[in-house]
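Chemist: There's a structure below that I have some questions on.
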Number of protein chains: 2
Amino acid sequence: MAIKIYGSSDSGNCLKVRWVADRLRLAYDWIETSAFTGVTRSPEFLKLNPAGQVPLVVLDDGRLLAQSNAIITHFAENTDLVPRDAYDRAKMFEWLFWEQYSHEPYVAVRIARVHFQKKREDEIDPNLKTRGDAALARLEQQLAQTPYLVGNALTLADIALVAYTRRAHLGGFNLSSYPSLQAWVKRVEADLGLPKGNETP
Amino acid sequence: MAIKIYGSSDSGNCLKVRWVADRLRLAYDWIETSAFTGVTRSPEFLKLNPAGQVPLVVLDDGRLLAQSNAIITHFAENTDLVPRDAYDRAKMFEWLFWEQYSHEPYVAVRIARVHFQKKREDEIDPNLKTRGDAALARLEQQLAQTPYLVGNALTLADIALVAYTRRAHLGGFNLSSYPSLQAWVKRVEADLGLPKGNETP
């Protein structure tokens, strides 16, 4: 039985999972599941994931797994996407947890407000911009020093953080003062064989 | 050189790190560092952690590591706090990422607003209560089925999630309708040798 991935193609959290599965050549069925239509709050879906969120994965033995960064960590165990060195692996997890706490809630949420929900500027919490800019500046600071977030090789940290960063312009974030970040987005997109995020308006 | 832990004794995120270090009998120096006084935003501290957050750990070789759940994962690799089974380990990470995204930003932040910052109810975002209650109900749902979050044994998931849950009453959360959660808090507190959180006002 192939893996099933319930996910939305509009969601960076879901795309992370698809990219890692593709890179590792895992066989899977993608079940397009929007986070915006309420289907993830339906009784049927809540039986699969009581947290009411995509992505959700049904593994080949039928067991369920949620949380994008937990899913990609599971898929990528013992592959070159996870550093073998214990300290580098810990730094990868540092970025993964930071992504969910300090980046996604601002950058991704602002992309949703501006681009998908078409909110007016005065309807959007200004905190999303301030905190999102701080997160992008933090990435720039690291990427001015190293080509990838954890040194010289692509890890899950890059895949997780590129997911929304490459589309940050859709949330009204201006990346022009972050040259290292822009170069890193292109580098990771090339590694993953993705079309360039900055070209999609 | 012993590990140094920069942390605040008021912070569940910091206490997680101390509890795991104690349980694993790691030698460390605790450097009390409040998140409320601005010291974590000082130039000296930002050199150590550009994210401006505690906990922060200086490992015995002088290298730095941030993000509570990344730190405890690093400390506990290959110990009985991390399941050996790959699926159970993935579920542990699911809870750890869920904690930082769906529990801490509501339960911990409301504890800070009510207990530490002494805000009036009308000054507090009502979302913190709604989402915090949802997170506590989600824990209850799992703990009605299993004694620990990942089956029958204590893992990092329990340690991470008990940190703020045991003090949720200080944020005005009512735990009386969550009997399985209350029993789990006592179980984990006993495992860790902690005083009972519900007794400290």
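Every chain in the structure tokens takes a letter, A first, then B, and so on in the order presented; its residues are numbered from 1, and the ligands are numbered from 1 following the presented order.
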Near chain A, meaning an atom within 8 Å, which residues of chain B appear when counting only C-alpha atoms? Write them as a ChimeraX atom specification.

Modeler: /B:50-51,65-67,69-71,73-74,86-87,90-91,93-94,97-98,100-101,138

Chemist: Go ahead and dump the residues you just picked, N, CA and C atoms, as a CSV table (one decimal), in the first residue's frame.

Modeler:
```csv
chain,number,residue,atom,x,y,z
B,50,PRO,N,21.0,34.9,18.3
B,50,PRO,CA,20.4,36.0,17.6
B,50,PRO,C,18.9,36.0,17.6
B,51,ALA,N,18.3,34.9,18.0
B,51,ALA,CA,16.8,34.9,18.2
B,51,ALA,C,16.4,35.6,19.5
B,65,LEU,N,23.4,26.0,21.3
B,65,LEU,CA,22.2,25.4,20.8
B,65,LEU,C,21.0,26.1,21.4
B,66,ALA,N,20.0,26.4,20.6
B,66,ALA,CA,18.8,27.1,21.1
B,66,ALA,C,17.6,26.2,20.7
B,67,GLN,N,16.4,26.7,21.1
B,67,GLN,CA,15.1,26.0,20.9
B,67,GLN,C,15.0,24.9,21.9
B,69,ASN,N,13.0,22.4,22.4
B,69,ASN,CA,12.7,21.1,22.0
B,69,ASN,C,13.9,20.5,21.2
B,70,ALA,N,14.7,21.3,20.5
B,70,ALA,CA,15.9,20.9,19.9
B,70,ALA,C,17.0,20.5,20.9
B,71,ILE,N,17.0,21.3,22.0
B,71,ILE,CA,18.0,21.0,23.0
B,71,ILE,C,17.7,19.6,23.7
B,73,THR,N,16.0,17.2,22.6
B,73,THR,CA,16.2,16.1,21.6
B,73,THR,C,17.7,15.7,21.5
B,74,HIS,N,18.5,16.7,21.5
B,74,HIS,CA,20.0,16.5,21.5
B,74,HIS,C,20.4,15.8,22.8
B,86,ALA,N,10.6,3.5,15.3
B,86,ALA,CA,10.6,4.6,14.4
B,86,ALA,C,9.2,5.4,14.4
B,87,TYR,N,8.1,4.6,14.4
B,87,TYR,CA,6.8,5.3,14.4
B,87,TYR,C,6.6,6.0,15.7
B,90,ALA,N,8.4,9.1,15.7
B,90,ALA,CA,7.8,10.1,14.8
B,90,ALA,C,6.6,10.8,15.5
B,91,LYS,N,5.8,10.0,16.3
B,91,LYS,CA,4.7,10.5,17.1
B,91,LYS,C,5.2,11.4,18.2
B,93,PHE,N,7.8,13.3,17.9
B,93,PHE,CA,8.1,14.6,17.2
B,93,PHE,C,6.8,15.3,16.8
B,94,GLU,N,5.8,14.6,16.4
B,94,GLU,CA,4.5,15.2,16.1
B,94,GLU,C,4.1,16.0,17.3
B,97,PHE,N,6.4,19.2,17.9
B,97,PHE,CA,6.1,20.3,17.0
B,97,PHE,C,4.7,20.9,17.3
B,98,TRP,N,3.7,20.1,17.6
B,98,TRP,CA,2.4,20.6,17.9
B,98,TRP,C,2.5,21.5,19.2
B,100,GLN,N,4.9,23.4,20.2
B,100,GLN,CA,5.4,24.8,19.9
B,100,GLN,C,4.4,25.6,19.0
B,101,TYR,N,3.5,24.9,18.2
B,101,TYR,CA,2.7,25.6,17.3
B,101,TYR,C,1.3,25.8,17.9
B,138,ARG,N,-7.4,18.6,23.4
B,138,ARG,CA,-6.7,17.6,22.5
B,138,ARG,C,-5.8,16.7,23.3
```

Chemist: I need the residues in chain A that are alpha helix (DSSP H) according to DSSP; give them as a ChimeraX atom specification.

Modeler: /A:12-23,43-48,68-76,86-98,109-111,126-143,156-165,179-192

Chemist: Given only C-alpha atoms, how would the per-residue table for region 43-152 of chain B near region 177-181 of chain B read, listing every residue at most 7 Å away with its closest atom pair and distance in Å to one decimal, sorted by chain and number, as CSV?

Modeler:
```
residue,atom,partner,partner_atom,distance
B:Leu139,CA,B:Leu181,CA,6.7
B:Glu140,CA,B:Leu181,CA,5.1
B:Leu143,CA,B:Ser180,CA,5.5
B:Ala144,CA,B:Ser180,CA,5.3
```

Chemist: Write out the residues from the selection above, keeping C-alpha atoms, as a tab-separated table (two decimals), in the first residue's frame.

Modeler:
```
chain	number	residue	atom	x	y	z
B	139	LEU	CA	-4.35	16.39	25.22
B	140	GLU	CA	-7.26	15.01	27.25
B	143	LEU	CA	-4.57	10.80	27.54
B	144	ALA	CA	-7.97	9.17	27.95
```

Chemist: Excluding Arg113 (chain A) and its own-chain neighbours fewer than 6 positions away, which residues fall within 10 Å of it when counting only C-alpha atoms? Please give them as a list in words.

Modeler: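 Returned residues: Lys119, Arg120, Glu121, Glu123, Ile124, Asp125, Leu128, Leu170 and Gly171 of chain A.
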
Chemist: Measuring atom to atom with only C-alpha atoms, identify which of B:Tyr148, B:Trp30, B:Phe45, B:Tyr164 is nearest to Val109 (chain B).

Modeler: B:Tyr164

Chemist: I want to know what sits within 8 Å of Leu81 (chain B), based on only C-alpha atoms, with residues of the same chain fewer than 5 positions away left out; could you give that as a list in words?

Modeler: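 Residues meeting the cut-off are Ala76, Leu154, Thr155 and Leu156 of chain B.
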
Chemist: May I have the residues within 10 Å of Gly62 (chain A) as a PyMOL selection string, using only C-alpha atoms and disregarding those fewer than 3 positions away in the same chain?

Modeler: chain A and resi 1-4+57-59+65

Chemist: Hey, what's within 12 Å of Phe116 (chain A) if we count only C-alpha atoms and toss same-chain stuff fewer than 5 positions away? As a list in words, please?

Modeler: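 Once the adjacent positions are removed, what remains is Asp10, Ser11, Ser34, Ala35, Phe36, Ala108, Val109, Arg110, Ile111, Leu170 and Gly171 of chain A.
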
Chemist: Please report the interatomic distance between CA of Val114 (chain A) and CA of Gly172 (chain A) in Å with one decimal.

Modeler: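 Between CA of Val114 (chain A) and CA of Gly172 (chain A) the gap works out to 7.4 Å.
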
Chemist: DSSP on the backbone, then: every residue of chain A marked strand (DSSP E), written as a ChimeraX atom specification.

Modeler: /A:3-7,28-32,56-58,64-66

Chemist: What's the 12 Å shell around Gly38 (chain A), counting only C-alpha atoms, without same-chain residues fewer than 6 positions away, as number ranges by chain?

Modeler: A: 44-46, 52-54

Chemist: Kindly indicate which residue among A:Gly132, A:Pro55, A:Gly151, A:Pro43 lies nearest to Arg18 (chain A), using only C-alpha atoms for the distances.

Modeler: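 Ranking A:Gly132, A:Pro55, A:Gly151, A:Pro43 by distance to Arg18 (chain A), first place goes to A:Pro55.
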